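Comments concern the structure below.
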Amino acid sequence: MGDCCFGASLPTQDAVLDEVCLAETQVVNADVKDDAGSGEAKDVIVPSLLDQTLLKCTEAPSAAAEAAPVVPAAPPSSAEKPFQDKTYHDIIGSRPEFVQAAIPGIMKRRPSSENITMQDYTEKHKNLFEKVLELEKPDDWIFKREDNGVRIYTKAVAGCRLLYFKGYSEFHCEEGIAGIMQKMFKTEDRPKWDDMCLEAITPQSFPPFYKYAYVRLKSPVAIISERDLCTLGRSRFEPDGSITIAIQAAQHPDHPERSDHVRIEFVEGGYVIRQKGPKDFGITWTGCVDPKGWLPTWVANLAVTKQAMSLAKFKAFMNTQQ
């Protein structure tokens, strides 16, 4: 006996041939009643054994298909994701030890980060990243000095009364670029490497989209009020393998301005991390900071190079963590 693909038995070859020889169908006379109830001889088509067998075979798949479980579509592979999402997954997302948990805080999540890919999110904020990359370029920067492995520059920008700063240094990190980013984004560690930092908190964070940071700083002298600042940071992966981190001043309900502090304004800027080897990197820290308060512009500009020197403090801390 042969088997149908769904397990029903088929007649033998001889029986099938005999049936075909009789006819494709059998026509018989039968006494039937019409709709009015009168008797009338009609021809009734009776399916042959072959027809019935084939019908069963063709109907069986339909029933089996209904009973078969529905297999959900596989999620897109890393190779199918947009560039930003794929790169984040490859560098950080696929390594649990470097994935930072979200910190919801009390403020509603920023709407621009909801139901969106990282690719589209970074495109929305493209202008912020492009400004940081422009500041990284050597145009118009004046070299001031090198201190603790950090090359320090300043420059004047049309329309701004304050000087911009730029610091550049080379880093080594055994954990690679993921390790550098993890330490950079851990705001709570800042008091460990910055002796001027009194407090550092992450009020809210939704990786890989954005992160708030709140910092309180000591006053260098008694007659100057202590400062604090609240910033919002975002990161973007570049096609050449570098990473741009854009930072801007922000407000957060967890940390409103205090009467006993002067709120610093971070005008614009951020970091650019460029890979120079498997575990070696060049980091640029650049931007403009308004210290606010009663400080004259010339005093603020004299102290601008100290902003760049925070990179040296962070580098020293990094070296102790390896």
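We name chains A, B, ... following the order of the structure tokens; residues begin at 1 in each chain, and ligands are numbered from 1 as shown.
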
Would you mind listing what lies within 10 Å of Gly93 (chain A) as a PyMOL selection string, with only C-alpha atoms counted and same-chain residues fewer than 6 positions away left out?
-> chain A and resi 85-87+99-100+178+207-208

Output for the residues just chosen: N, CA and C atoms as a JSON list (two decimals), in the first residue's frame:
```
[["chain", "number", "residue", "atom", "x", "y", "z"],
["A", 85, "ASP", "N", 21.76, 51.44, 15.69],
["A", 85, "ASP", "CA", 21.28, 50.35, 16.54],
["A", 85, "ASP", "C", 22.20, 49.14, 16.48],
["A", 86, "LYS", "N", 22.67, 48.82, 15.29],
["A", 86, "LYS", "CA", 23.59, 47.68, 15.13],
["A", 86, "LYS", "C", 24.90, 47.94, 15.85],
["A", 87, "THR", "N", 25.45, 49.16, 15.70],
["A", 87, "THR", "CA", 26.74, 49.47, 16.32],
["A", 87, "THR", "C", 26.62, 49.47, 17.84],
["A", 99, "VAL", "N", 26.15, 47.18, 29.74],
["A", 99, "VAL", "CA", 24.82, 47.76, 29.54],
["A", 99, "VAL", "C", 24.37, 48.47, 30.81],
["A", 100, "GLN", "N", 24.03, 49.74, 30.69],
["A", 100, "GLN", "CA", 23.59, 50.52, 31.84],
["A", 100, "GLN", "C", 22.06, 50.49, 31.94],
["A", 178, "ALA", "N", 34.02, 50.34, 24.94],
["A", 178, "ALA", "CA", 32.86, 50.14, 25.81],
["A", 178, "ALA", "C", 33.21, 50.49, 27.25],
["A", 207, "PRO", "N", 19.23, 54.73, 28.35],
["A", 207, "PRO", "CA", 20.17, 54.29, 27.32],
["A", 207, "PRO", "C", 19.42, 53.55, 26.20],
["A", 208, "PRO", "N", 19.89, 53.65, 24.96],
["A", 208, "PRO", "CA", 21.08, 54.40, 24.53],
["A", 208, "PRO", "C", 20.76, 55.82, 24.07]]
```

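Going from CA of Glu136 (chain A) to CA of Asn319 (chain A) covers 24.2 Å.
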
Tell me, as a ChimeraX atom specification, which residues lie within 12 Å of Asp120 (chain A), counting only C-alpha atoms; anything in the same chain fewer than 2 positions away does not count.
-> /A:81-85,112-118,122-126,209,236

Dump of all heavy atoms for the selected residues, as a compact mmCIF listing (two decimals), in the first residue's frame:
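The resulting file, result-v8.txt, is shown below:
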```txt
# COMPACT_ATOMS: atom_id res chain seq x y z
N LYS A 81 19.71 45.53 11.41
CA LYS A 81 19.34 46.74 12.15
C LYS A 81 19.97 47.98 11.51
O LYS A 81 20.98 47.88 10.81
CB LYS A 81 19.81 46.63 13.60
CG LYS A 81 19.11 45.54 14.40
CD LYS A 81 19.68 45.45 15.81
CE LYS A 81 19.00 44.35 16.61
NZ LYS A 81 19.58 44.20 17.96
N PRO A 82 19.39 49.17 11.74
CA PRO A 82 20.01 50.41 11.24
C PRO A 82 21.41 50.57 11.86
O PRO A 82 21.71 49.99 12.90
CB PRO A 82 19.06 51.50 11.72
CG PRO A 82 17.76 50.81 11.98
CD PRO A 82 18.11 49.42 12.41
N PHE A 83 22.22 51.40 11.23
CA PHE A 83 23.63 51.53 11.63
C PHE A 83 23.80 51.83 13.10
O PHE A 83 24.58 51.18 13.80
CB PHE A 83 24.30 52.61 10.78
CG PHE A 83 25.70 52.94 11.26
CD1 PHE A 83 26.76 52.08 11.00
CD2 PHE A 83 25.95 54.10 11.98
CE1 PHE A 83 28.04 52.37 11.46
CE2 PHE A 83 27.22 54.40 12.44
CZ PHE A 83 28.28 53.53 12.17
N GLN A 84 23.10 52.85 13.63
CA GLN A 84 23.27 53.23 15.03
C GLN A 84 22.89 52.08 15.97
O GLN A 84 23.60 51.77 16.92
CB GLN A 84 22.42 54.46 15.36
CG GLN A 84 22.88 55.74 14.69
CD GLN A 84 24.25 56.21 15.16
OE1 GLN A 84 24.62 56.04 16.32
NE2 GLN A 84 25.01 56.79 14.26
N ASP A 85 21.76 51.44 15.69
CA ASP A 85 21.28 50.35 16.54
C ASP A 85 22.20 49.14 16.48
O ASP A 85 22.49 48.51 17.50
CB ASP A 85 19.87 49.96 16.12
CG ASP A 85 18.91 51.13 16.19
OD1 ASP A 85 18.94 51.99 15.29
OD2 ASP A 85 18.13 51.21 17.16
N SER A 112 10.69 62.37 22.57
CA SER A 112 11.47 62.11 21.34
C SER A 112 12.22 60.78 21.40
O SER A 112 12.72 60.31 20.38
CB SER A 112 12.48 63.24 21.11
OG SER A 112 13.44 63.29 22.15
N SER A 113 12.31 60.17 22.59
CA SER A 113 13.04 58.90 22.73
C SER A 113 12.12 57.69 22.78
O SER A 113 12.59 56.56 22.95
CB SER A 113 13.89 58.93 24.00
OG SER A 113 13.08 58.83 25.16
N GLU A 114 10.82 57.90 22.64
CA GLU A 114 9.86 56.80 22.74
C GLU A 114 9.50 56.25 21.36
O GLU A 114 9.32 57.01 20.41
CB GLU A 114 8.59 57.26 23.46
CG GLU A 114 8.83 57.65 24.91
CD GLU A 114 7.55 58.04 25.63
OE1 GLU A 114 6.84 58.93 25.13
OE2 GLU A 114 7.28 57.46 26.68
N ASN A 115 9.40 54.91 21.28
CA ASN A 115 8.98 54.23 20.05
C ASN A 115 9.79 54.69 18.85
O ASN A 115 9.25 55.10 17.81
CB ASN A 115 7.48 54.46 19.78
CG ASN A 115 6.62 54.02 20.94
OD1 ASN A 115 6.80 52.92 21.47
ND2 ASN A 115 5.69 54.87 21.35
N ILE A 116 11.09 54.63 18.98
CA ILE A 116 11.98 55.12 17.93
C ILE A 116 13.27 54.32 17.94
O ILE A 116 13.69 53.80 18.98
CB ILE A 116 12.27 56.63 18.14
CG1 ILE A 116 12.92 57.24 16.90
CG2 ILE A 116 13.13 56.85 19.38
CD1 ILE A 116 13.03 58.76 16.96
N THR A 117 13.89 54.18 16.79
CA THR A 117 15.20 53.54 16.72
C THR A 117 16.26 54.54 17.12
O THR A 117 16.05 55.76 17.07
CB THR A 117 15.50 53.04 15.29
OG1 THR A 117 15.56 54.17 14.41
CG2 THR A 117 14.44 52.06 14.81
N MET A 118 17.41 54.05 17.51
CA MET A 118 18.52 54.95 17.84
C MET A 118 18.94 55.73 16.58
O MET A 118 19.35 56.89 16.68
CB MET A 118 19.70 54.15 18.40
CG MET A 118 20.83 55.02 18.92
SD MET A 118 22.20 54.08 19.62
CE MET A 118 23.32 55.42 20.06
N THR A 122 19.10 59.80 16.77
CA THR A 122 20.31 60.61 16.55
C THR A 122 20.12 61.55 15.36
O THR A 122 20.69 62.64 15.34
CB THR A 122 21.54 59.71 16.32
OG1 THR A 122 21.28 58.79 15.24
CG2 THR A 122 21.87 58.93 17.57
N GLU A 123 19.31 61.13 14.39
CA GLU A 123 19.06 62.00 13.25
C GLU A 123 18.27 63.24 13.69
O GLU A 123 18.50 64.34 13.17
CB GLU A 123 18.29 61.22 12.18
CG GLU A 123 18.15 61.94 10.85
CD GLU A 123 19.48 62.20 10.15
OE1 GLU A 123 20.44 61.43 10.37
OE2 GLU A 123 19.55 63.20 9.40
N LYS A 124 17.36 63.06 14.63
CA LYS A 124 16.59 64.19 15.15
C LYS A 124 17.49 65.24 15.80
O LYS A 124 17.18 66.43 15.79
CB LYS A 124 15.57 63.69 16.19
CG LYS A 124 14.29 63.14 15.63
CD LYS A 124 13.30 62.87 16.76
CE LYS A 124 11.96 62.42 16.24
NZ LYS A 124 10.96 62.23 17.32
N HIS A 125 18.58 64.78 16.41
CA HIS A 125 19.47 65.68 17.14
C HIS A 125 20.80 65.87 16.42
O HIS A 125 21.83 66.17 17.03
CB HIS A 125 19.69 65.15 18.56
CG HIS A 125 18.43 64.98 19.34
ND1 HIS A 125 17.74 66.04 19.87
CD2 HIS A 125 17.70 63.87 19.65
CE1 HIS A 125 16.65 65.60 20.48
NE2 HIS A 125 16.60 64.30 20.36
N LYS A 126 20.75 65.70 15.12
CA LYS A 126 21.96 65.75 14.29
C LYS A 126 22.75 67.03 14.49
O LYS A 126 23.98 67.01 14.55
CB LYS A 126 21.56 65.59 12.82
CG LYS A 126 22.71 65.65 11.84
CD LYS A 126 22.20 65.47 10.42
CE LYS A 126 23.35 65.57 9.41
NZ LYS A 126 22.85 65.39 8.02
N PHE A 209 19.63 56.37 24.51
CA PHE A 209 19.18 57.64 23.96
C PHE A 209 19.76 58.86 24.67
O PHE A 209 20.38 59.71 24.03
CB PHE A 209 17.65 57.68 23.96
CG PHE A 209 17.03 56.56 23.20
CD1 PHE A 209 16.40 55.51 23.85
CD2 PHE A 209 17.10 56.52 21.82
CE1 PHE A 209 15.83 54.46 23.15
CE2 PHE A 209 16.54 55.47 21.09
CZ PHE A 209 15.91 54.44 21.76
N ARG A 236 26.42 59.39 19.76
CA ARG A 236 26.20 58.93 18.39
C ARG A 236 27.45 58.22 17.90
O ARG A 236 28.58 58.68 18.12
CB ARG A 236 25.89 60.12 17.46
CG ARG A 236 25.57 59.70 16.03
CD ARG A 236 25.25 60.90 15.14
NE ARG A 236 26.42 61.66 14.75
CZ ARG A 236 26.40 62.69 13.90
NH1 ARG A 236 25.26 63.09 13.38
NH2 ARG A 236 27.51 63.34 13.60
```

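Here CA of Lys218 (chain A) stands at a distance of 9.5 Å from CA of Glu199 (chain A).
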
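Residue nearest Tyr168 (chain A) within the list A:His252, A:Lys183, A:Arg145, A:His261: A:Arg145 [criterion: smallest interatomic distance, only C-alpha atoms].
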
Nearest candidate to His172 (chain A) (options A:Ile283, A:Ala300, A:Val262, A:Leu232; using only C-alpha atoms) | A:Ile283

Selection near Met107 (chain A), 8 Å with only C-alpha atoms, sequence-local residues under 5 positions removed, as a VMD selection string | chain A and resid 204 252 to 254

If you count only C-alpha atoms, the residue of A:Ile223, A:Ala101, A:Val289, A:Cys230 closest to Lys186 (chain A) turns out to be A:Ala101

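Counting only C-alpha atoms and comparing A:Trp285, A:Phe237, A:Tyr271, A:Tyr214, the residue that lies closest to Pro256 (chain A) is A:Tyr214.
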
Write out as a PyMOL selection string which residues come within 8 Å of Glu188 (chain A) when counting only C-alpha atoms, dropping same-chain ones fewer than 3 positions away.
-> chain A and resi 191+199-202

Nearest-residue call for Cys173 (chain A), choices A:Ala316, A:Ala213, A:Ile243, A:Ala156, using only C-alpha atoms = A:Ala316
